[in-house]
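Remarks on the structure that follows.
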Amino acid sequence: MRVLLVAAETPADARQTVDTQAWVMGLATVPVSDNWRLHLELQPRASLETGSTTEVLTRVAVGRRLAPRATVWAGYAWIAKPPGPGVTHEHRAWQQLSLGFPAVARWTPSLRLRLEQRSQPGWDGLSHRLRAMTRVVRPLTESRRWSAVAWHEGFVTLDRTIDGPARGVDQHRVFSGGLWQLTPVVGIEAGYLWRTARRPGATRTHVHSAFLWLNVTP
């Protein structure tokens, strides 16, 4: 997949940068009642090339379960890029639909659709972006404590914002790794994440990341 995506670049996208990073995400999904949930997330990212933090994402949201396999969310995200002196603050309102599906040959698929309204100093107005993640999980043991995980997420900017993101495909992320269900409440997911993204000036970035996700679901 990576070869096909890179080969499809136009000459204008010939300028590329490559970085090696570490991403860590802590996510708590807290039930408030039978059908209502809170989403609490913190996600720092650091460059292993420079040893510095590149950005920190903080997300909060409220979710309403519509059915056993369907939940809708509405929330806010604050992104510090990078944290510290001279930080740039990006703000996002976001809405999400999360869907789960029955297992097929022991693989359990899910789909996450997220719509974001993004703002940042220097941008002339809101930038609207659609994100779609497809994910599959397969247990490796009878106890289901260990599982294989893979997912892909595509990002598309829906409009053109002056001095902001360009309209069109923004980035792709591809992940593969494993999930360790430490307890019924705590799961740890770790593996390799590859991201390719388009940046202003037709520069394309390729990021190779070690990704660690701590998921808490009381």
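Letters for chains follow the order of the structure tokens (A, B, ...), residue numbers begin at 1 for each chain, and ligand numbers begin at 1 in the order shown.
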
_Give me the residues near region 177-186 of chain A as a PyMOL selection string, where near means some atom within 12 Å (using only C-alpha atoms) and where sequence neighbours in that chain fewer than 5 positions away do not count._
chain A and resi 26-31+135-141+143-151+191-194+209-218

Sorted per-residue table, region 42-77 of chain A near region 15-25 of chain A, closest atoms and distance, 7 Å, only C-alpha atoms, as a Markdown table:
| residue | atom | partner | partner_atom | distance |
| --- | --- | --- | --- | --- |
| A:Leu42 | CA | A:Met25 | CA | 5.9 |
| A:Gln43 | CA | A:Met25 | CA | 4.3 |
| A:Pro44 | CA | A:Val24 | CA | 5.8 |
| A:Arg45 | CA | A:Trp23 | CA | 4.5 |
| A:Ala46 | CA | A:Ala22 | CA | 5.4 |
| A:Ser47 | CA | A:Gln21 | CA | 4.3 |
| A:Leu48 | CA | A:Gln21 | CA | 5.0 |
| A:Glu49 | CA | A:Thr20 | CA | 6.1 |

*Find the distance between CA of Val62 (chain A) and CA of Ser98 (chain A) and write it in Å to one decimal.*
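Separation of CA of Val62 (chain A) and CA of Ser98 (chain A): 12.7 Å.
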
*asked:* Here is a test: counting only C-alpha atoms, which residue of A:His172, A:Arg118, A:His206, A:Arg37 is nearest to Arg65 (chain A)?
replied: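 Of the candidates, the smallest distance to Arg65 (chain A) is held by A:Arg37.
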
*Of the candidates A:Gln95, A:Thr157, A:Thr196, A:Thr54, which shows the shortest atom-to-atom distance to Gln171 (chain A), using only C-alpha atoms?*
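Looking only at the distances to Gln171 (chain A), the closest residue turns out to be A:Thr196.
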
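Distance annotation: of A:Arg167, A:Arg173, A:His89, A:Arg114, the residue with the minimal separation from Arg199 (chain A) is A:Arg167; atom set is only C-alpha atoms.
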
*asked:* Just list as a list in words whatever in chain A DSSP marks as helix (DSSP H, G or I).
replied: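 After running DSSP on the backbone, chain A has helix (DSSP H, G or I) at Arg2, Val3, Leu4, Leu5, Val6, Ala7, Pro11, Ala12 and Asp13 of chain A.
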
Just the selected residues (N, CA, C and O atoms), exported as a PDB file, in the first residue's frame, please.
ATOM      1  N   ARG A   2       1.929   1.233   0.830  1.00  0.00           N
ATOM      2  CA  ARG A   2       2.786   2.411   0.912  1.00  0.00           C
ATOM      3  C   ARG A   2       3.411   2.711  -0.441  1.00  0.00           C
ATOM      4  O   ARG A   2       3.488   3.852  -0.885  1.00  0.00           O
ATOM      5  N   VAL A   3       3.893   1.634  -1.157  1.00  0.00           N
ATOM      6  CA  VAL A   3       4.533   1.838  -2.449  1.00  0.00           C
ATOM      7  C   VAL A   3       3.575   2.465  -3.432  1.00  0.00           C
ATOM      8  O   VAL A   3       3.913   3.383  -4.174  1.00  0.00           O
ATOM      9  N   LEU A   4       2.321   1.996  -3.439  1.00  0.00           N
ATOM     10  CA  LEU A   4       1.333   2.527  -4.365  1.00  0.00           C
ATOM     11  C   LEU A   4       1.038   3.985  -4.080  1.00  0.00           C
ATOM     12  O   LEU A   4       0.911   4.799  -5.002  1.00  0.00           O
ATOM     13  N   LEU A   5       0.907   4.350  -2.800  1.00  0.00           N
ATOM     14  CA  LEU A   5       0.598   5.726  -2.452  1.00  0.00           C
ATOM     15  C   LEU A   5       1.728   6.664  -2.829  1.00  0.00           C
ATOM     16  O   LEU A   5       1.513   7.741  -3.377  1.00  0.00           O
ATOM     17  N   VAL A   6       2.975   6.258  -2.561  1.00  0.00           N
ATOM     18  CA  VAL A   6       4.106   7.110  -2.890  1.00  0.00           C
ATOM     19  C   VAL A   6       4.275   7.237  -4.385  1.00  0.00           C
ATOM     20  O   VAL A   6       4.566   8.294  -4.928  1.00  0.00           O
ATOM     21  N   ALA A   7       4.061   6.128  -5.119  1.00  0.00           N
ATOM     22  CA  ALA A   7       4.210   6.162  -6.564  1.00  0.00           C
ATOM     23  C   ALA A   7       3.176   7.036  -7.223  1.00  0.00           C
ATOM     24  O   ALA A   7       3.385   7.548  -8.327  1.00  0.00           O
ATOM     25  N   PRO A  11       4.350  15.344  -9.663  1.00  0.00           N
ATOM     26  CA  PRO A  11       5.630  16.034  -9.571  1.00  0.00           C
ATOM     27  C   PRO A  11       5.631  17.145  -8.543  1.00  0.00           C
ATOM     28  O   PRO A  11       6.639  17.415  -7.908  1.00  0.00           O
ATOM     29  N   ALA A  12       4.486  17.825  -8.341  1.00  0.00           N
ATOM     30  CA  ALA A  12       4.413  18.907  -7.364  1.00  0.00           C
ATOM     31  C   ALA A  12       4.624  18.397  -5.952  1.00  0.00           C
ATOM     32  O   ALA A  12       4.977  19.138  -5.044  1.00  0.00           O
ATOM     33  N   ASP A  13       4.399  17.078  -5.734  1.00  0.00           N
ATOM     34  CA  ASP A  13       4.545  16.502  -4.410  1.00  0.00           C
ATOM     35  C   ASP A  13       5.907  15.856  -4.215  1.00  0.00           C
ATOM     36  O   ASP A  13       6.097  15.075  -3.287  1.00  0.00           O
TER      37      ASP A  13
END

*Step one, run DSSP on the backbone; step two, keep only residues of region 95-162 of chain A assigned to strand (DSSP E); then write them as a PyMOL selection string.*
chain A and resi 95-100+108-119+127-139+146-157

_When you look at Val169 (chain A) with a cut-off of 12 Å (counting only C-alpha atoms), what residues show up, excluding the ones that are within fewer than 6 positions of it in the same chain? I need them as a list in words._
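Near neighbours after the sequence-gap exclusion: Leu5, Glu9, Arg129, Leu130, Arg131, Ala132, Glu153, Gly154, Phe155, Val156, Thr157, Leu158, Asp159, Arg160, Thr196, Ala197, Arg198, Arg199 and Arg204 of chain A.
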
Just-selected residues, C-alpha atoms written as a PDB file, in the first residue's frame:
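Result file again.pdb:
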ATOM      1  CA  LEU A   5       0.598   5.726  -2.452  1.00  0.00           C
ATOM      2  CA  GLU A   9       2.486  11.369  -6.082  1.00  0.00           C
ATOM      3  CA  ARG A 129     -12.313  17.490   7.499  1.00  0.00           C
ATOM      4  CA  LEU A 130     -13.774  13.980   7.259  1.00  0.00           C
ATOM      5  CA  ARG A 131     -11.940  11.015   8.759  1.00  0.00           C
ATOM      6  CA  ALA A 132     -12.807   7.355   8.175  1.00  0.00           C
ATOM      7  CA  GLU A 153      -7.602   5.815   8.525  1.00  0.00           C
ATOM      8  CA  GLY A 154      -8.076   8.226   5.640  1.00  0.00           C
ATOM      9  CA  PHE A 155      -8.452  12.017   6.007  1.00  0.00           C
ATOM     10  CA  VAL A 156     -10.150  14.304   3.460  1.00  0.00           C
ATOM     11  CA  THR A 157     -10.372  18.100   3.790  1.00  0.00           C
ATOM     12  CA  LEU A 158     -13.744  19.153   2.408  1.00  0.00           C
ATOM     13  CA  ASP A 159     -13.126  22.832   1.685  1.00  0.00           C
ATOM     14  CA  ARG A 160     -10.381  25.342   0.948  1.00  0.00           C
ATOM     15  CA  THR A 196       1.797   9.980   4.939  1.00  0.00           C
ATOM     16  CA  ALA A 197       0.474  13.547   4.915  1.00  0.00           C
ATOM     17  CA  ARG A 198       0.341  16.517   2.589  1.00  0.00           C
ATOM     18  CA  ARG A 199       1.536  19.813   3.989  1.00  0.00           C
ATOM     19  CA  ARG A 204       4.629  15.409   1.683  1.00  0.00           C
TER      20      ARG A 204
END
